[in-house]
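Source file structure_32.txt; content: compact mmCIF, C-alpha atoms.
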```txt
# COMPACT_ATOMS: atom_id res chain seq x y z
CA MET Y 348 127.10 221.52 -44.19
CA SER Y 349 126.45 220.53 -47.75
CA ASN Y 350 128.99 220.87 -50.46
CA ARG Y 351 128.65 220.12 -54.14
CA ALA Y 352 130.09 216.61 -53.90
CA ALA Y 353 127.68 215.71 -51.07
CA ILE Y 354 124.74 217.02 -53.11
CA ARG Y 355 125.81 214.96 -56.14
CA TYR Y 356 126.04 211.78 -54.06
CA ALA Y 357 122.67 212.58 -52.46
CA LYS Y 358 121.04 213.03 -55.89
CA ALA Y 359 122.44 209.70 -57.03
CA VAL Y 360 121.19 207.95 -53.90
CA LEU Y 361 117.76 209.57 -54.30
CA ASP Y 362 117.57 208.37 -57.91
CA GLN Y 363 118.62 204.87 -56.92
CA ALA Y 364 116.16 204.79 -54.01
CA ASN Y 365 113.30 206.02 -56.19
CA GLU Y 366 114.06 203.39 -58.84
CA ALA Y 367 113.83 200.70 -56.16
CA SER Y 368 110.72 202.38 -54.61
CA LEU Y 369 112.65 202.85 -51.38
CA GLY Y 370 112.69 206.65 -51.19
CA SER Y 371 110.94 206.87 -47.82
CA VAL Y 372 112.96 203.96 -46.36
CA VAL Y 373 116.25 205.61 -47.35
CA PHE Y 374 114.87 208.91 -46.00
CA GLY Y 375 114.53 207.23 -42.60
CA ASP Y 376 118.02 205.80 -42.97
CA MET Y 377 119.49 209.21 -43.78
CA LYS Y 378 117.77 210.80 -40.76
CA SER Y 379 119.26 208.02 -38.64
CA VAL Y 380 122.72 208.54 -40.17
CA GLN Y 381 122.54 212.30 -39.67
CA ASP Y 382 121.33 212.01 -36.06
CA THR Y 383 123.90 209.34 -35.20
CA ILE Y 384 126.83 211.31 -36.61
CA ALA Y 385 125.62 214.57 -35.07
CA GLY Y 386 125.22 212.87 -31.70
CA SER Y 387 128.63 211.18 -31.58
CA LYS Y 388 131.80 213.23 -31.45
CA GLU Y 389 133.83 210.01 -31.52
CA LEU Y 390 132.19 208.90 -34.77
CA ARG Y 391 132.83 212.31 -36.35
CA ASN Y 392 136.47 212.06 -35.30
CA VAL Y 393 136.78 208.55 -36.75
CA LEU Y 394 135.28 209.64 -40.08
CA ALA Y 395 137.57 212.67 -40.29
CA SER Y 396 140.73 210.83 -39.24
CA PRO Y 397 143.29 210.18 -41.99
CA ILE Y 398 145.01 207.62 -39.75
CA ILE Y 399 142.11 205.15 -39.66
CA LYS Y 400 141.87 202.99 -42.78
CA GLY Y 401 138.85 203.38 -45.02
CA GLU Y 402 138.04 199.67 -44.70
CA ASP Y 403 137.92 200.01 -40.91
CA LYS Y 404 135.63 203.03 -41.18
CA GLN Y 405 133.40 201.12 -43.60
CA GLU Y 406 133.25 198.08 -41.33
CA ALA Y 407 132.34 200.24 -38.32
CA LEU Y 408 129.64 202.11 -40.24
CA ILE Y 409 128.13 198.91 -41.67
CA LYS Y 410 127.91 197.52 -38.11
CA ILE Y 411 126.40 200.76 -36.75
CA PHE Y 412 123.83 200.96 -39.54
CA GLU Y 413 123.28 197.22 -40.06
CA GLY Y 414 119.48 197.59 -39.90
CA ASN Y 415 119.45 200.08 -42.76
CA SER Y 416 118.61 199.42 -46.40
CA GLU Y 417 121.03 198.07 -48.99
CA VAL Y 418 120.96 201.47 -50.73
CA THR Y 419 122.39 203.10 -47.61
CA LYS Y 420 125.00 200.37 -47.17
CA GLY Y 421 125.91 200.79 -50.84
CA LEU Y 422 126.39 204.52 -50.26
CA ILE Y 423 128.78 203.78 -47.40
CA GLN Y 424 130.74 201.38 -49.63
CA ILE Y 425 130.92 203.86 -52.53
CA LEU Y 426 132.01 206.73 -50.28
CA THR Y 427 134.69 204.51 -48.75
CA ALA Y 428 135.93 203.30 -52.15
CA ASN Y 429 136.14 206.92 -53.36
CA LYS Y 430 137.84 208.06 -50.14
CA ARG Y 431 134.92 210.40 -49.43
CA ILE Y 432 133.48 208.77 -46.30
CA ASN Y 433 133.89 212.06 -44.41
CA LEU Y 434 131.04 213.38 -46.62
CA LEU Y 435 128.51 210.91 -45.18
CA SER Y 436 126.83 213.43 -42.87
CA GLY Y 437 126.63 216.02 -45.66
CA VAL Y 438 125.20 213.44 -48.06
CA ALA Y 439 122.57 212.47 -45.49
CA SER Y 440 121.63 216.11 -44.93
CA SER Y 441 121.46 216.80 -48.68
CA TYR Y 442 119.36 213.67 -49.26
CA ILE Y 443 116.87 214.77 -46.58
CA ASN Y 444 116.57 218.22 -48.20
CA LEU Y 445 116.21 216.78 -51.73
CA TYR Y 446 113.63 214.21 -50.59
CA ASN Y 447 111.59 216.86 -48.76
CA ASP Y 448 111.68 219.10 -51.85
CA ALA Y 449 110.54 216.22 -54.07
CA GLN Y 450 107.67 215.46 -51.68
CA GLY Y 451 106.65 219.13 -51.42
CA VAL Y 452 107.48 219.25 -47.72
CA LYS Y 453 108.59 222.61 -46.36
CA VAL Y 454 110.99 222.55 -43.43
CA ALA Y 455 110.82 225.47 -41.02
CA GLN Y 456 113.91 225.96 -38.91
CA VAL Y 457 113.01 227.66 -35.65
CA THR Y 458 115.88 228.76 -33.45
CA THR Y 459 114.89 229.57 -29.87
CA ALA Y 460 116.69 230.12 -26.56
CA VAL Y 461 114.66 227.28 -24.97
CA ALA Y 462 112.81 224.28 -26.42
CA LEU Y 463 109.42 224.99 -28.00
CA THR Y 464 106.37 223.94 -26.03
CA PRO Y 465 103.81 221.82 -27.93
CA GLU Y 466 101.34 224.75 -27.92
CA LEU Y 467 103.89 227.19 -29.31
CA GLU Y 468 105.05 224.62 -31.87
CA ALA Y 469 101.44 224.27 -33.09
CA LYS Y 470 101.15 228.06 -33.44
CA VAL Y 471 104.43 228.29 -35.37
CA LEU Y 472 103.34 225.38 -37.58
CA ALA Y 473 100.03 227.12 -38.38
CA LYS Y 474 101.84 230.39 -39.19
CA VAL Y 475 104.35 228.65 -41.47
CA LYS Y 476 101.54 226.83 -43.28
CA GLU Y 477 99.83 230.19 -43.81
CA MET Y 478 103.07 231.83 -45.03
CA THR Y 479 104.07 229.07 -47.44
CA GLY Y 480 100.65 227.94 -48.59
CA SER Y 481 101.78 224.35 -48.06
CA ASP Y 482 99.99 221.80 -45.90
CA GLN Y 483 103.13 219.69 -45.58
CA VAL Y 484 105.34 221.52 -43.11
CA THR Y 485 107.73 220.17 -40.51
CA ILE Y 486 109.51 222.10 -37.79
CA ASP Y 487 113.17 221.71 -36.94
CA ASN Y 488 113.75 223.35 -33.55
CA LYS Y 489 117.31 224.38 -32.77
CA ILE Y 490 118.23 225.73 -29.36
CA ASP Y 491 120.72 228.60 -29.20
CA GLU Y 492 120.91 230.37 -25.85
CA SER Y 493 122.91 233.24 -27.37
CA ILE Y 494 119.75 234.72 -28.91
CA ILE Y 495 118.63 235.41 -25.30
CA GLY Y 496 114.90 235.18 -26.12
CA GLY Y 497 112.43 235.36 -28.97
CA PHE Y 498 113.02 233.27 -32.08
CA ILE Y 499 114.54 233.11 -35.54
CA LEU Y 500 112.31 231.50 -38.18
CA ARG Y 501 113.83 230.28 -41.44
CA VAL Y 502 111.79 228.71 -44.25
CA GLY Y 503 113.76 228.16 -47.43
CA ASP Y 504 115.32 231.52 -48.34
CA LEU Y 505 113.08 233.55 -46.02
CA GLN Y 506 114.27 234.47 -42.55
CA TYR Y 507 112.46 236.35 -39.80
CA ASN Y 508 114.61 237.35 -36.82
CA ALA Y 509 112.60 238.24 -33.71
CA SER Y 510 115.37 237.45 -31.24
CA ILE Y 511 116.20 239.65 -28.28
CA ALA Y 512 119.88 239.62 -29.30
CA ASN Y 513 118.92 241.02 -32.73
CA GLN Y 514 116.72 243.72 -31.18
CA LEU Y 515 119.51 244.71 -28.79
CA GLY Y 516 121.92 244.89 -31.73
CA ASN Y 517 119.48 247.14 -33.59
CA LEU Y 518 119.19 249.43 -30.56
CA LYS Y 519 122.98 249.59 -30.27
CA ARG Y 520 123.28 250.60 -33.95
CA GLU Y 521 120.61 253.27 -33.52
CA PHE Y 522 122.38 254.74 -30.50
CA THR Y 523 125.76 254.78 -32.21
CA LYS Y 524 124.24 256.49 -35.28
CA SER Y 525 122.66 259.26 -33.21
CA LEU Y 526 125.88 260.08 -31.34
```
If you took the structure in this file and wrote it as structure tokens, what would it be?
Amino acid sequence: MSNRAAIRYAKAVLDQANEASLGSVVFGDMKSVQDTIAGSKELRNVLASPIIKGEDKQEALIKIFEGNSEVTKGLIQILTANKRINLLSGVASSYINLYNDAQGVKVAQVTTAVALTPELEAKVLAKVKEMTGSDQVTIDNKIDESIIGGFILRVGDLQYNASIANQLGNLKREFTKSL
């Protein structure tokens, strides 16, 4: 969920982190921020709540992420001052994408009905490396039981849908056309 404001903040944080030679440190911070917010419904509710004061949100976030770099803490302060703290997760996500792009890392999103086994993950990784021509590839496995089986592979703008749900949908369309 990235919007234009989140991308602008992420670019500014990336520039600031690179100037201080902390790009990879802030990358780790942003992964931590993204995972923490994604894993806590209560934290998402607090960030979205108009009732809770910005200063209280800032104080809570600084305590939660106290081990993070000053760049990350500065981002939290700026977002709070600009009344944009609800963008924190989007900024973290945008920063991760921008940092990966700058490092030449391709991120393959693999959606499966069950978690990937290490053997299957290695096969997917090899295939993505072959497709993209990049040696720096990471896999982001998302689990979605609604696809029933198979997988959906997304690398950048390319998407390959080999899910059972998609194949059943195709069969349904073929049958309705022929009737």
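Among the candidates Y:Arg351, Y:Asn365, Y:Ser440, Y:Ile409, the one nearest to Lys378 (chain Y) when counting all atoms listed in the file is Y:Ser440.
Put simply, CA of Val454 (chain Y) is 8.5 Å away from CA of Arg501 (chain Y).
The shell of residues at most 10 Å from Leu390 (chain Y), with only C-alpha atoms counted and near chain neighbours (fewer than 6 positions) removed, consists of Thr383, Ile384, Ser396, Lys404, Ala407 and Leu408 of chain Y.
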Grab all the atoms of region 429-445 of chain Y that the file lists, wrap them in a box along x, y and z, add 6 Å per side, and give me centre plus edge lengths in Å (one decimal) as JSON.
```
{"center_x": 127.0, "center_y": 212.6, "center_z": -48.1, "size_x": 33.6, "size_y": 23.3, "size_z": 22.5}
```
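Residues within 12 Å of Asp362 (chain Y), counting all atoms listed in the file and excluding same-chain residues fewer than 3 positions away, are Arg355, Tyr356, Ala357, Lys358, Ala359, Asn365, Glu366, Ala367, Ser368, Leu369, Gly370, Val373, Val418, Tyr442, Leu445, Tyr446 and Ala449 of chain Y.
Here CA of Glu492 (chain Y) stands at a distance of 28.3 Å from CA of Ala395 (chain Y).
Between Ile499 (chain Y) and the residues Y:Gly375, Y:Lys476, Y:Gln456, Y:Ala352, the shortest atom-to-atom distance, using all atoms listed in the file, involves Y:Gln456.
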Dump region 381-402 of chain Y with N, CA and C atoms to a file, as a tab-separated table (two decimals), in the first residue's frame.
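Generated output (result_11.tsv):
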```
chain	number	residue	atom	x	y	z
Y	381	GLN	N	7.97	-2.51	9.11
Y	381	GLN	CA	6.92	-3.10	8.29
Y	381	GLN	C	6.38	-4.38	8.94
Y	382	ASP	N	7.28	-5.26	9.40
Y	382	ASP	CA	6.86	-6.51	10.01
Y	382	ASP	C	6.10	-6.27	11.31
Y	383	THR	N	6.57	-5.31	12.10
Y	383	THR	CA	5.91	-5.02	13.38
Y	383	THR	C	4.51	-4.49	13.17
Y	384	ILE	N	4.35	-3.55	12.24
Y	384	ILE	CA	3.03	-2.98	11.99
Y	384	ILE	C	2.10	-4.02	11.36
Y	385	ALA	N	2.64	-4.81	10.44
Y	385	ALA	CA	1.81	-5.85	9.80
Y	385	ALA	C	1.39	-6.91	10.82
Y	386	GLY	N	2.22	-7.17	11.81
Y	386	GLY	CA	1.92	-8.21	12.78
Y	386	GLY	C	1.09	-7.76	13.97
Y	387	SER	N	0.77	-6.48	14.07
Y	387	SER	CA	0.04	-5.99	15.24
Y	387	SER	C	-1.18	-5.18	14.83
Y	388	LYS	N	-2.33	-5.79	14.98
Y	388	LYS	CA	-3.57	-5.07	14.65
Y	388	LYS	C	-3.76	-3.88	15.57
Y	389	GLU	N	-3.36	-4.04	16.85
Y	389	GLU	CA	-3.50	-2.95	17.82
Y	389	GLU	C	-2.67	-1.74	17.40
Y	390	LEU	N	-1.44	-1.99	16.94
Y	390	LEU	CA	-0.58	-0.89	16.51
Y	390	LEU	C	-1.17	-0.19	15.29
Y	391	ARG	N	-1.69	-0.96	14.35
Y	391	ARG	CA	-2.34	-0.36	13.17
Y	391	ARG	C	-3.52	0.50	13.59
Y	392	ASN	N	-4.29	0.02	14.55
Y	392	ASN	CA	-5.44	0.79	15.04
Y	392	ASN	C	-5.00	2.08	15.72
Y	393	VAL	N	-3.93	2.00	16.51
Y	393	VAL	CA	-3.41	3.19	17.19
Y	393	VAL	C	-2.96	4.22	16.15
Y	394	LEU	N	-2.21	3.78	15.14
Y	394	LEU	CA	-1.71	4.71	14.13
Y	394	LEU	C	-2.83	5.35	13.33
Y	395	ALA	N	-3.91	4.61	13.11
Y	395	ALA	CA	-5.02	5.14	12.31
Y	395	ALA	C	-6.00	5.97	13.13
Y	396	SER	N	-5.93	5.87	14.44
Y	396	SER	CA	-6.92	6.52	15.30
Y	396	SER	C	-6.74	8.04	15.35
Y	397	PRO	N	-7.81	8.79	15.06
Y	397	PRO	CA	-7.73	10.25	15.18
Y	397	PRO	C	-7.87	10.71	16.65
Y	398	ILE	N	-8.28	9.82	17.51
Y	398	ILE	CA	-8.51	10.17	18.92
Y	398	ILE	C	-7.19	10.26	19.69
Y	399	ILE	N	-6.24	9.38	19.34
Y	399	ILE	CA	-4.96	9.35	20.05
Y	399	ILE	C	-4.07	10.47	19.52
Y	400	LYS	N	-3.50	11.23	20.45
Y	400	LYS	CA	-2.65	12.37	20.09
Y	400	LYS	C	-1.40	11.90	19.36
Y	401	GLY	N	-0.94	12.74	18.44
Y	401	GLY	CA	0.27	12.45	17.68
Y	401	GLY	C	1.48	12.25	18.57
Y	402	GLU	N	1.57	13.04	19.64
Y	402	GLU	CA	2.72	12.92	20.56
Y	402	GLU	C	2.71	11.56	21.25
```
